[in-house]
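What follows is the content of my_file.cif, which has mmCIF, C-alpha atoms (C1' of nucleotides):
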```
data_coords
#
loop_
_atom_site.label_atom_id
_atom_site.label_comp_id
_atom_site.auth_asym_id
_atom_site.auth_seq_id
_atom_site.Cartn_x
_atom_site.Cartn_y
_atom_site.Cartn_z
CA MET A 1 0.00 0.00 0.00
CA LEU A 2 2.81 2.36 0.93
CA TYR A 3 4.68 1.09 -2.12
CA GLU A 4 1.80 2.04 -4.41
CA TYR A 5 1.67 5.45 -2.74
CA PHE A 6 5.35 6.14 -3.44
CA ARG A 7 4.98 4.81 -6.97
CA SER A 8 2.28 7.41 -7.65
CA PHE A 9 4.91 10.15 -7.30
CA GLY A 10 7.14 8.70 -10.03
CA ALA A 11 9.61 5.96 -10.84
CA LEU A 12 12.29 4.84 -8.42
CA SER A 13 14.95 2.14 -8.86
CA LYS A 14 14.42 -1.09 -6.91
CA PRO A 15 17.37 -0.73 -4.51
CA ASN A 16 16.33 2.82 -3.66
CA MET A 17 12.69 1.84 -3.20
CA ASP A 18 13.74 -1.02 -0.92
CA PHE A 19 15.98 1.32 1.05
CA LEU A 20 13.09 3.72 1.43
CA LEU A 21 10.51 1.12 2.46
CA GLY A 22 13.02 -0.53 4.79
CA HIS A 23 13.02 2.52 7.02
CA CYS A 24 9.24 2.61 7.48
CA LYS A 25 7.90 0.74 10.47
CA GLU A 26 4.38 -0.63 10.91
CA ARG A 27 2.49 0.50 13.99
CA GLU A 28 -1.05 0.42 15.37
CA ILE A 29 -2.89 2.49 17.95
CA SER A 30 -6.36 1.99 19.34
CA LYS A 31 -9.33 4.36 19.31
CA GLY A 32 -8.86 7.42 21.47
CA THR A 33 -5.08 7.09 21.75
CA LYS A 34 -3.13 10.29 21.26
CA LEU A 35 -0.47 10.04 18.58
CA ILE A 36 0.87 13.48 19.49
CA GLU A 37 0.55 14.94 22.97
CA PRO A 38 0.47 18.75 23.42
CA ASN A 39 3.89 20.46 23.40
CA GLN A 40 5.56 17.44 21.96
CA LYS A 41 7.99 17.45 19.03
CA VAL A 42 6.69 15.60 15.98
CA ASP A 43 9.56 13.31 15.09
CA SER A 44 8.01 11.28 12.31
CA VAL A 45 5.99 11.31 9.15
CA TYR A 46 2.99 9.00 9.28
CA PHE A 47 1.33 7.16 6.42
CA LEU A 48 -2.17 5.92 7.22
CA GLU A 49 -3.28 2.49 6.12
CA GLU A 50 -6.50 2.18 8.09
CA GLY A 51 -8.67 4.37 10.30
CA PHE A 52 -8.80 8.13 10.81
CA LEU A 53 -6.64 10.61 12.68
CA HIS A 54 -7.96 13.80 14.22
CA TYR A 55 -5.48 16.68 13.98
CA TYR A 56 -6.55 19.64 16.11
CA ALA A 57 -5.51 22.64 18.19
CA TYR A 58 -7.01 24.90 20.82
CA ASN A 59 -7.55 28.60 20.20
CA GLU A 60 -7.19 31.29 22.87
CA HIS A 61 -10.79 30.75 24.02
CA GLY A 62 -10.04 27.12 24.76
CA GLU A 63 -12.19 25.91 21.86
CA ARG A 64 -10.95 22.85 20.05
CA ILE A 65 -10.33 23.59 16.38
CA THR A 66 -10.11 20.73 13.88
CA LEU A 67 -7.20 21.37 11.53
CA ASN A 68 -7.56 18.15 9.58
CA VAL A 69 -8.94 14.65 9.52
CA VAL A 70 -6.55 12.23 7.86
CA GLY A 71 -7.72 8.98 6.27
CA PRO A 72 -6.18 5.89 4.64
CA ASN A 73 -3.62 6.39 1.89
CA HIS A 74 -2.59 9.82 3.12
CA CYS A 75 0.52 11.14 4.82
CA TRP A 76 0.47 13.31 7.89
CA THR A 77 2.96 15.26 9.98
CA VAL A 78 3.41 18.77 11.34
CA MET A 79 5.98 20.04 8.85
CA ASP A 80 7.21 22.92 10.94
CA SER A 81 7.79 20.75 13.98
CA PHE A 82 9.23 17.87 11.97
CA ILE A 83 11.70 19.93 9.95
CA ASN A 84 12.80 22.49 12.52
CA GLU A 85 12.57 20.21 15.57
CA LEU A 86 10.20 22.53 17.37
CA PRO A 87 7.53 21.40 19.84
CA THR A 88 3.99 21.95 18.60
CA SER A 89 0.97 22.95 20.67
CA ASP A 90 -1.26 20.98 18.29
CA GLU A 91 -2.49 17.51 19.10
CA CYS A 92 -3.39 14.39 17.18
CA ALA A 93 -5.62 11.52 18.26
CA ALA A 94 -6.99 8.33 16.73
CA ILE A 95 -10.70 8.47 15.94
CA ASN A 96 -10.80 4.74 15.15
CA HIS A 97 -8.40 1.92 15.49
CA VAL A 98 -5.58 3.19 13.28
CA SER A 99 -2.78 1.30 11.55
CA PHE A 100 0.01 3.20 9.87
CA CYS A 101 3.65 3.32 8.80
CA GLU A 102 6.10 5.54 10.61
CA LEU A 103 9.21 7.20 9.21
CA LYS A 104 11.49 8.78 11.83
CA ARG A 105 13.29 12.08 11.18
CA THR A 106 16.74 10.51 11.44
CA ASP A 107 15.77 7.90 8.84
CA TYR A 108 14.15 10.61 6.71
CA LEU A 109 17.42 12.55 6.69
CA THR A 110 19.42 9.41 5.96
CA ILE A 111 17.23 8.62 2.97
CA LYS A 112 17.36 12.18 1.68
CA ALA A 113 21.18 12.19 1.82
CA LYS A 114 21.66 8.64 0.48
CA ASN A 115 21.91 9.60 -3.20
CA LYS A 116 20.61 12.09 -5.74
CA GLU A 117 17.70 9.98 -6.98
CA LEU A 118 16.33 9.53 -3.47
CA GLY A 119 16.97 13.16 -2.54
CA ASP A 120 15.10 14.44 -5.58
CA PHE A 121 12.33 11.90 -5.03
CA ILE A 122 11.72 13.00 -1.45
CA GLN A 123 11.86 16.64 -2.48
CA THR A 124 9.23 16.09 -5.16
CA ILE A 125 6.90 14.42 -2.68
CA VAL A 126 7.26 17.25 -0.16
CA GLU A 127 6.62 19.87 -2.83
CA GLN A 128 3.59 18.00 -4.17
CA ILE A 129 2.02 17.52 -0.74
CA LEU A 130 2.55 21.12 0.37
CA SER A 131 1.41 22.46 -2.98
CA ALA A 132 -1.76 20.34 -2.74
CA LYS A 133 -2.44 21.82 0.70
CA VAL A 134 -2.25 25.34 -0.69
CA ILE A 135 -4.61 24.45 -3.54
CA GLU A 136 -7.00 22.87 -1.06
CA ALA A 137 -6.93 25.95 1.17
CA ASN A 138 -7.71 28.17 -1.83
CA LYS A 139 -10.53 25.89 -2.93
CA LYS A 140 -11.96 25.84 0.57
CA SER A 141 -12.09 29.61 0.80
CA SER A 142 -14.23 29.84 -2.33
CA MET A 143 -16.86 27.37 -1.13
CA SER A 144 -19.78 27.68 1.27
CA ILE A 145 -20.14 25.25 4.18
CA GLU A 146 -22.76 23.29 2.25
CA GLN A 147 -20.53 23.01 -0.79
CA ARG A 148 -17.64 21.84 1.37
CA TYR A 149 -19.87 19.17 2.85
CA LEU A 150 -21.02 17.99 -0.58
CA ASP A 151 -17.42 17.95 -1.74
CA LEU A 152 -16.38 15.89 1.27
CA LEU A 153 -19.30 13.52 0.75
CA TYR A 154 -18.25 13.02 -2.85
CA THR A 155 -14.49 12.75 -2.39
CA LYS A 156 -14.32 11.02 1.01
CA PRO A 157 -17.62 9.24 1.69
CA LYS A 158 -15.99 6.83 4.11
CA MET A 159 -14.78 9.68 6.28
CA VAL A 160 -18.28 11.12 6.51
CA GLN A 161 -19.59 7.70 7.55
CA GLU A 162 -16.98 6.81 10.12
CA VAL A 163 -16.08 10.12 11.76
CA PRO A 164 -18.45 11.65 14.38
CA VAL A 165 -20.64 14.50 13.18
CA HIS A 166 -19.22 17.10 15.55
CA ILE A 167 -15.71 16.49 14.19
CA ILE A 168 -16.88 16.71 10.57
CA ALA A 169 -18.70 19.93 11.47
CA SER A 170 -15.64 21.48 13.00
CA LEU A 171 -13.53 20.36 10.03
CA LEU A 172 -15.97 22.22 7.76
CA GLY A 173 -15.78 25.24 10.06
CA THR A 174 -19.28 25.22 11.50
CA SER A 175 -21.35 23.88 14.38
CA ARG A 176 -22.84 20.45 14.82
CA GLU A 177 -26.34 21.89 14.54
CA THR A 178 -25.73 23.79 11.31
CA LEU A 179 -24.28 20.68 9.68
CA HIS A 180 -27.39 18.92 10.81
CA ARG A 181 -29.64 21.44 9.09
CA ILE A 182 -27.65 20.95 5.90
CA ARG A 183 -28.00 17.17 6.07
CA ARG A 184 -31.72 17.44 6.77
CA LYS A 185 -32.17 19.76 3.80
CA LEU A 186 -30.24 17.41 1.53
CA THR A 187 -32.16 14.26 2.49
CA ALA A 188 -35.43 16.14 1.98
CA ALA A 189 -34.45 16.92 -1.61
CA MET B 1 16.13 44.35 -1.13
CA LEU B 2 15.89 41.03 -2.95
CA TYR B 3 19.42 40.27 -1.74
CA GLU B 4 18.36 40.75 1.89
CA TYR B 5 15.36 38.53 1.26
CA PHE B 6 17.51 35.68 -0.04
CA ARG B 7 19.97 36.19 2.77
CA SER B 8 17.22 35.61 5.32
CA PHE B 9 16.95 32.01 4.14
CA GLY B 10 20.60 31.23 4.85
CA ALA B 11 24.15 31.74 3.63
CA LEU B 12 25.10 31.53 -0.02
CA SER B 13 28.52 31.95 -1.65
CA LYS B 14 29.07 35.19 -3.57
CA PRO B 15 29.29 33.66 -7.09
CA ASN B 16 26.12 31.69 -6.50
CA MET B 17 24.30 34.71 -5.09
CA ASP B 18 25.38 36.78 -8.09
CA PHE B 19 24.27 34.04 -10.45
CA LEU B 20 20.90 33.98 -8.71
CA LEU B 21 20.36 37.73 -8.65
CA GLY B 22 21.58 38.02 -12.24
CA HIS B 23 18.56 36.11 -13.46
CA CYS B 24 16.02 38.36 -11.74
CA LYS B 25 14.71 41.23 -13.82
CA GLU B 26 13.20 44.48 -12.54
CA ARG B 27 9.73 45.36 -13.79
CA GLU B 28 6.92 47.79 -13.01
CA ILE B 29 3.21 47.82 -13.68
CA SER B 30 0.69 50.54 -13.04
CA LYS B 31 -2.45 50.48 -10.94
CA GLY B 32 -5.18 48.27 -12.35
CA THR B 33 -2.89 46.32 -14.69
CA LYS B 34 -3.37 42.57 -14.72
CA LEU B 35 -0.19 40.64 -14.03
CA ILE B 36 -1.92 37.35 -14.82
CA GLU B 37 -4.88 37.11 -17.17
CA PRO B 38 -7.43 34.29 -16.75
CA ASN B 39 -6.42 30.93 -18.26
CA GLN B 40 -2.83 31.99 -18.59
CA LYS B 41 0.17 29.95 -17.53
CA VAL B 42 2.15 31.52 -14.70
CA ASP B 43 5.70 31.43 -16.01
CA SER B 44 7.50 33.35 -13.29
CA VAL B 45 8.00 33.87 -9.60
CA TYR B 46 7.53 37.48 -8.53
CA PHE B 47 9.17 39.30 -5.66
CA LEU B 48 7.40 42.51 -4.65
CA GLU B 49 9.40 45.63 -3.83
CA GLU B 50 6.59 48.16 -3.73
CA GLY B 51 2.81 48.19 -3.95
CA PHE B 52 0.21 45.47 -3.54
CA LEU B 53 -0.99 42.62 -5.74
CA HIS B 54 -4.51 41.24 -5.65
CA TYR B 55 -4.63 37.48 -6.23
CA TYR B 56 -8.17 36.25 -6.79
CA ALA B 57 -10.46 33.72 -8.46
CA TYR B 58 -14.12 33.38 -9.32
CA ASN B 59 -16.29 30.69 -7.79
CA GLU B 60 -19.12 28.92 -9.63
CA HIS B 61 -21.57 31.69 -8.71
CA GLY B 62 -19.37 34.25 -10.44
CA GLU B 63 -18.37 35.87 -7.16
CA ARG B 64 -14.83 37.16 -6.96
CA ILE B 65 -12.90 35.46 -4.16
CA THR B 66 -9.72 37.04 -2.81
CA LEU B 67 -7.10 34.34 -2.35
CA ASN B 68 -4.34 36.66 -1.21
CA VAL B 69 -3.05 40.21 -1.11
CA VAL B 70 0.71 40.32 -1.55
CA GLY B 71 2.81 43.20 -0.27
CA PRO B 72 6.44 44.37 -0.38
CA ASN B 73 9.15 41.91 0.56
CA HIS B 74 7.06 38.87 -0.32
CA CYS B 75 7.20 36.34 -3.12
CA TRP B 76 4.22 35.31 -5.19
CA THR B 77 3.39 32.76 -7.84
CA VAL B 78 0.84 30.04 -8.50
CA MET B 79 2.97 27.02 -7.63
CA ASP B 80 0.85 24.46 -9.43
CA SER B 81 0.84 26.45 -12.65
CA PHE B 82 4.49 27.42 -12.36
CA ILE B 83 5.84 23.92 -11.66
CA ASN B 84 3.56 21.81 -13.83
CA GLU B 85 3.14 24.37 -16.65
CA LEU B 86 -0.63 24.34 -16.37
CA PRO B 87 -2.89 27.30 -17.17
CA THR B 88 -4.65 28.72 -14.10
CA SER B 89 -8.14 30.15 -13.95
CA ASP B 90 -7.00 32.51 -11.19
CA GLU B 91 -6.11 36.13 -11.87
CA CYS B 92 -3.75 38.69 -10.41
CA ALA B 93 -3.95 42.46 -10.67
CA ALA B 94 -2.03 45.46 -9.31
CA ILE B 95 -3.90 47.37 -6.61
CA ASN B 96 -1.30 50.18 -6.65
CA HIS B 97 1.62 51.04 -8.78
CA VAL B 98 3.74 47.91 -8.29
CA SER B 99 7.45 47.35 -8.78
CA PHE B 100 8.89 43.88 -8.55
CA CYS B 101 11.57 41.40 -9.63
CA GLU B 102 10.71 38.59 -12.00
CA LEU B 103 12.33 35.17 -12.23
CA LYS B 104 11.31 33.13 -15.30
CA ARG B 105 10.76 29.37 -15.09
CA THR B 106 13.60 28.59 -17.50
CA ASP B 107 15.99 30.66 -15.37
CA TYR B 108 14.59 29.06 -12.22
CA LEU B 109 15.37 25.61 -13.60
CA THR B 110 18.83 26.72 -14.73
CA ILE B 111 19.62 28.01 -11.25
CA LYS B 112 18.28 24.89 -9.58
CA ALA B 113 20.46 22.65 -11.76
CA LYS B 114 23.58 24.84 -11.63
CA ASN B 115 25.16 23.20 -8.57
CA LYS B 116 24.27 21.50 -5.30
CA GLU B 117 24.47 24.62 -3.13
CA LEU B 118 22.02 26.52 -5.33
CA GLY B 119 19.75 23.50 -5.73
CA ASP B 120 19.52 22.99 -1.98
CA PHE B 121 19.08 26.71 -1.41
CA ILE B 122 16.12 26.96 -3.78
CA GLN B 123 14.60 23.84 -2.29
CA THR B 124 14.83 25.28 1.21
CA ILE B 125 13.09 28.48 0.12
CA VAL B 126 10.26 26.58 -1.56
CA GLU B 127 9.77 24.38 1.50
CA GLN B 128 9.80 27.35 3.85
CA ILE B 129 7.30 29.35 1.81
CA LEU B 130 4.88 26.48 1.34
CA SER B 131 5.22 25.43 4.95
CA ALA B 132 4.47 28.99 6.07
CA LYS B 133 1.32 28.95 3.94
CA VAL B 134 0.09 25.82 5.67
CA ILE B 135 0.78 27.32 9.10
CA GLU B 136 -1.06 30.48 8.06
CA ALA B 137 -4.04 28.50 6.85
CA ASN B 138 -4.20 26.63 10.16
CA LYS B 139 -3.93 29.85 12.12
CA LYS B 140 -6.65 31.45 10.04
CA SER B 141 -9.07 28.63 10.69
CA SER B 142 -8.78 29.09 14.44
CA MET B 143 -9.55 32.82 14.41
CA SER B 144 -12.76 34.80 14.10
CA ILE B 145 -13.11 37.49 11.44
CA GLU B 146 -12.48 40.17 14.05
CA GLN B 147 -9.32 38.45 15.25
CA ARG B 148 -8.08 38.09 11.69
CA TYR B 149 -8.62 41.79 11.16
CA LEU B 150 -6.76 42.70 14.35
CA ASP B 151 -3.96 40.36 13.35
CA LEU B 152 -3.74 41.96 9.91
CA LEU B 153 -3.79 45.43 11.44
CA TYR B 154 -0.92 44.45 13.70
CA THR B 155 1.24 42.53 11.25
CA LYS B 156 0.52 44.48 8.04
CA PRO B 157 -0.75 47.97 8.91
CA LYS B 158 0.33 49.37 5.56
CA MET B 159 -1.82 46.87 3.72
CA VAL B 160 -4.88 47.87 5.72
CA GLN B 161 -4.18 51.53 4.90
CA GLU B 162 -3.50 51.20 1.20
CA VAL B 163 -5.82 48.42 0.07
CA PRO B 164 -9.56 49.17 -0.48
CA VAL B 165 -11.90 47.99 2.26
CA HIS B 166 -13.88 45.61 0.05
CA ILE B 167 -10.70 43.74 -0.87
CA ILE B 168 -9.57 43.52 2.76
CA ALA B 169 -13.04 42.27 3.66
CA SER B 170 -12.97 39.56 1.04
CA LEU B 171 -9.45 38.59 2.10
CA LEU B 172 -10.76 38.10 5.64
CA GLY B 173 -13.69 36.11 4.28
CA THR B 174 -16.54 38.49 4.98
CA SER B 175 -18.53 41.35 3.48
CA ARG B 176 -17.61 45.01 3.28
CA GLU B 177 -20.43 45.89 5.68
CA THR B 178 -19.43 43.38 8.35
CA LEU B 179 -15.85 44.62 8.29
CA HIS B 180 -17.29 48.06 8.70
CA ARG B 181 -19.21 47.06 11.82
CA ILE B 182 -16.01 45.62 13.25
CA ARG B 183 -14.07 48.80 12.59
CA ARG B 184 -16.83 50.92 14.09
CA LYS B 185 -16.88 48.77 17.20
CA LEU B 186 -13.09 49.00 17.55
CA THR B 187 -12.93 52.79 17.18
CA ALA B 188 -15.73 53.15 19.75
CA ALA B 189 -13.66 51.23 22.29
"C1'" DT C 1 -14.14 71.98 -15.36
"C1'" DT C 2 -17.33 68.66 -15.51
"C1'" DG C 3 -18.93 64.21 -15.72
"C1'" DT C 4 -17.95 59.47 -14.47
"C1'" DT C 5 -16.37 55.92 -11.88
"C1'" DA C 6 -14.49 53.86 -7.61
"C1'" DG C 7 -14.58 53.82 -2.89
"C1'" DT C 8 -16.63 54.75 1.85
"C1'" DG C 9 -20.10 55.13 5.66
"C1'" DT C 10 -24.57 53.86 7.41
"C1'" DG C 11 -29.46 52.18 8.02
"C1'" DT C 12 -33.08 48.47 7.41
"C1'" DC C 13 -34.57 43.80 7.06
"C1'" DA C 14 -34.78 38.92 6.03
"C1'" DA C 15 -32.03 34.83 6.48
"C1'" DA C 16 -28.48 32.06 8.60
"C1'" DT C 17 -26.05 30.82 12.55
"C1'" DG C 18 -24.58 29.54 17.29
"C1'" DA C 19 -25.85 28.61 21.91
"C1'" DC C 20 -28.69 26.12 24.80
"C1'" DA C 21 -31.74 22.59 26.22
"C1'" DC C 22 -33.41 18.02 26.15
"C1'" DA C 23 -34.67 13.36 24.47
"C1'" DG C 24 -33.32 9.16 22.33
"C1'" DT C 25 -29.66 5.96 20.84
"C1'" DT C 26 -25.37 3.66 20.73
"C1'" DT C 27 -21.05 2.48 22.72
"C1'" DT C 28 -18.05 1.74 26.41
"C1'" DT C 29 -16.93 0.88 31.18
"C1'" DT C 30 -17.66 -1.05 35.63
"C1'" DA D 1 -26.37 -6.36 33.54
"C1'" DA D 2 -26.31 -1.80 34.97
"C1'" DA D 3 -24.38 2.63 34.80
"C1'" DA D 4 -21.87 6.06 32.51
"C1'" DA D 5 -20.28 8.33 28.63
"C1'" DA D 6 -20.42 9.60 23.86
"C1'" DC D 7 -23.06 10.55 19.99
"C1'" DT D 8 -27.21 11.98 17.39
"C1'" DG D 9 -31.52 14.44 16.30
"C1'" DT D 10 -34.44 18.37 16.99
"C1'" DG D 11 -36.72 22.67 18.74
"C1'" DT D 12 -36.40 27.61 20.45
"C1'" DC D 13 -34.38 32.09 20.54
"C1'" DA D 14 -31.08 35.90 20.54
"C1'" DT D 15 -27.33 37.40 17.65
"C1'" DT D 16 -24.85 37.95 13.53
"C1'" DT D 17 -24.58 38.28 8.89
"C1'" DG D 18 -25.36 39.43 3.94
"C1'" DA D 19 -28.06 41.86 0.67
"C1'" DC D 20 -29.90 46.02 -0.69
"C1'" DA D 21 -30.42 50.90 -0.79
"C1'" DC D 22 -28.73 55.48 -0.64
"C1'" DA D 23 -25.80 59.53 0.45
"C1'" DC D 24 -21.34 61.31 0.35
"C1'" DT D 25 -16.40 61.81 -1.02
"C1'" DA D 26 -12.17 60.97 -3.68
"C1'" DA D 27 -9.88 59.85 -7.88
"C1'" DC D 28 -9.73 60.01 -12.63
"C1'" DA D 29 -10.76 60.90 -17.62
"C1'" DA D 30 -12.80 63.66 -21.31
#
```
Kindly return the structure encoded in the file as structure tokens.
Amino acid sequence: MLYEYFRSFGALSKPNMDFLLGHCKEREISKGTKLIEPNQKVDSVYFLEEGFLHYYAYNEHGERITLNVVGPNHCWTVMDSFINELPTSDECAAINHVSFCELKRTDYLTIKAKNKELGDFIQTIVEQILSAKVIEANKKSSMSIEQRYLDLLYTKPKMVQEVPVHIIASLLGTSRETLHRIRRKLTAA
Amino acid sequence: MLYEYFRSFGALSKPNMDFLLGHCKEREISKGTKLIEPNQKVDSVYFLEEGFLHYYAYNEHGERITLNVVGPNHCWTVMDSFINELPTSDECAAINHVSFCELKRTDYLTIKAKNKELGDFIQTIVEQILSAKVIEANKKSSMSIEQRYLDLLYTKPKMVQEVPVHIIASLLGTSRETLHRIRRKLTAA
DNA sequence: TTGTTAGTGTGTCAAATGACACAGTTTTTT
DNA sequence: AAAAAACTGTGTCATTTGACACACTAACAA
């Protein structure tokens, strides 16, 4: 699964691909477990194989803000913390039972420095992922809450099914009740 | 000015810095001029020295959505279009008289391939800029409109002064009138 | 200079939203 | 099995917002 994911970013010679995959370790955590505690450094990149992660922060009023919900076949980390070795005030918890692959920073740096092909490969992935985030943020700002919900329903139906409504609502940037009104309106039509 | 900007990302040997700066060309455009027309490829990275750029798009209802307002000492481009040579439906226009430096894609690629120091340097800049965008997007989603306005007023007072209210409002994600109510409330206090 | 356009300030009103309250259901813990 | 906790569905109501309308001013072009 992780192999297919890497493949989607371009070709890579067998020894390099093996070297890359060899540094990724399988792990599992159960529902409710925190992957990242507050004020912890994020020392790894995570690739989800099953389940959903809830990435969130608290604003100055103590309200919990959902920054992202990450599902299977997607990577997650806090770039700033991972790259610059800074502690982050954000947190990350498992919504379901989650299985994933972990790549530690030290291994990440080893891979990046191994040879030119691997270095360029990693760089391309980072650029693609960050660039996609910027596109997503732009897209989001041009859509209403209802449109965002429809988009989510279309692109990630499994997430809508498996993740609690109040988390989906806060991901969309609204309240549980407003999301409810939207769903009611949609089923009526 | 551009030199100082590059410097802020780290050290670079003199010949490499000269090589880099040598490929950036000074340009100016007057108020109202479009830097990027709709469905055009974005073939350059721009570094602003003076004035403000309005980066926007239209949603499916034909409403103009402000994606960003770029001021002096900041870089701008549409990454996806620039890297993958795709036309973008977004547009970009000068709010004021704008002077800037331009770096063409061909020159960008030349610089990147010139030697390892330059390649790594460019890569670091790209990562930093994109990473900052993600952080900004996260921050934005945890703040109310009023807080975003106060933040903008504090971090970019000149932008608030020089850019029309309706553009600031749409940058903050609200209407001209609502921004007005916020300003009225703030001056009253 | 005059006419035209762009931008600003403000009021009204209908619609959308968030906060709260509570009941019913499912899941988890003891 | 019983109790507790988490989640879902729904109604009411005060507040906020966006849309519209209009007056006024500043910038710009003929």
Within 10 Å of Gln40 of chain B using only C-alpha atoms (C1' of nucleotides), minus same-chain residues under 6 positions, as a ChimeraX atom specification: /B:81,85-91
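One distance worth recording is that between atom CA of Asn73 of chain B and atom CA of Glu127 of chain A, which is 22.4 Å.
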Please identify every residue of chain C that has at least one atom no farther than 12 Å from an atom of chain A, counting only C-alpha atoms (C1' of nucleotides), and for each give the shortest atom pair and the distance in Å to one decimal, arranged by chain then increasing number, as CSV.
```
residue,atom,partner,partner_atom,distance
C:DA16,C1',A:Thr178,CA,9.1
C:DT17,C1',A:Thr178,CA,7.1
C:DG18,C1',A:Ser175,CA,7.1
C:DA19,C1',A:Ser175,CA,10.0
C:DC20,C1',A:Glu177,CA,11.3
C:DT28,C1',A:Lys31,CA,11.5
```
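Set the cut-off at 8 Å, count all atoms listed in the file, and the residues of chain A near chain B turn out to be Tyr58, Asn59, Ile65, Leu67, Met79, Asp80, Gln123, Val126, Glu127, Leu130, Ser131, Lys133, Val134, Ala137, Asn138, Ser141, Ser142, Met143 and Gly173 of chain A.
Note that atom CA of Ala169 of chain A and atom CA of Leu152 of chain A are 11.2 Å apart.
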Evaluate the PyMOL selection byres ((chain D and resi 4-11) around 8) and report residues as a ChimeraX atom specification: /A:164 /C:25-29 /D:3,12
Just C-alpha atoms (C1' of nucleotides) for this one: save the residues we selected as a short mmCIF file (atom, residue, chain, number, x, y, z; two decimals), in the coordinates of the input.
```cif
data_model
loop_
_atom_site.label_atom_id
_atom_site.label_comp_id
_atom_site.auth_asym_id
_atom_site.auth_seq_id
_atom_site.Cartn_x
_atom_site.Cartn_y
_atom_site.Cartn_z
CA PRO A 164 -18.45 11.65 14.38
"C1'" DT C 25 -29.66 5.96 20.84
"C1'" DT C 26 -25.37 3.66 20.73
"C1'" DT C 27 -21.05 2.48 22.72
"C1'" DT C 28 -18.05 1.74 26.41
"C1'" DT C 29 -16.93 0.88 31.18
"C1'" DA D 3 -24.38 2.63 34.80
"C1'" DT D 12 -36.40 27.61 20.45
#
```
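In this comparison, which uses only C-alpha atoms (C1' of nucleotides), the residue of B:Ile145, B:Phe6, B:Asn16, B:Leu153 approaching chain D most closely is B:Ile145.
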Nearby residues, (28.3, 28.1, -4.2) file frame, 12 Å, all atoms listed in the file, as a list in words: Ala11, Leu12, Ser13, Lys14, Pro15, Asn16, Met17, Asp18, Phe19, Leu20, Ile111, Lys112, Lys114, Asn115, Lys116, Glu117, Leu118, Gly119, Asp120 and Phe121 of chain B
Please report as a Markdown table every residue of chain A lying within 9 Å of chain D, along with the nearest atom pair and their distance in Å (one decimal), using all atoms listed in the file.
```
| residue | atom | partner | partner_atom | distance |
| --- | --- | --- | --- | --- |
| A:Pro164 | CA | D:DC7 | C1' | 7.3 |
| A:Val165 | CA | D:DT8 | C1' | 8.2 |
| A:His166 | CA | D:DC7 | C1' | 8.8 |
| A:His180 | CA | D:DG9 | C1' | 8.2 |
```
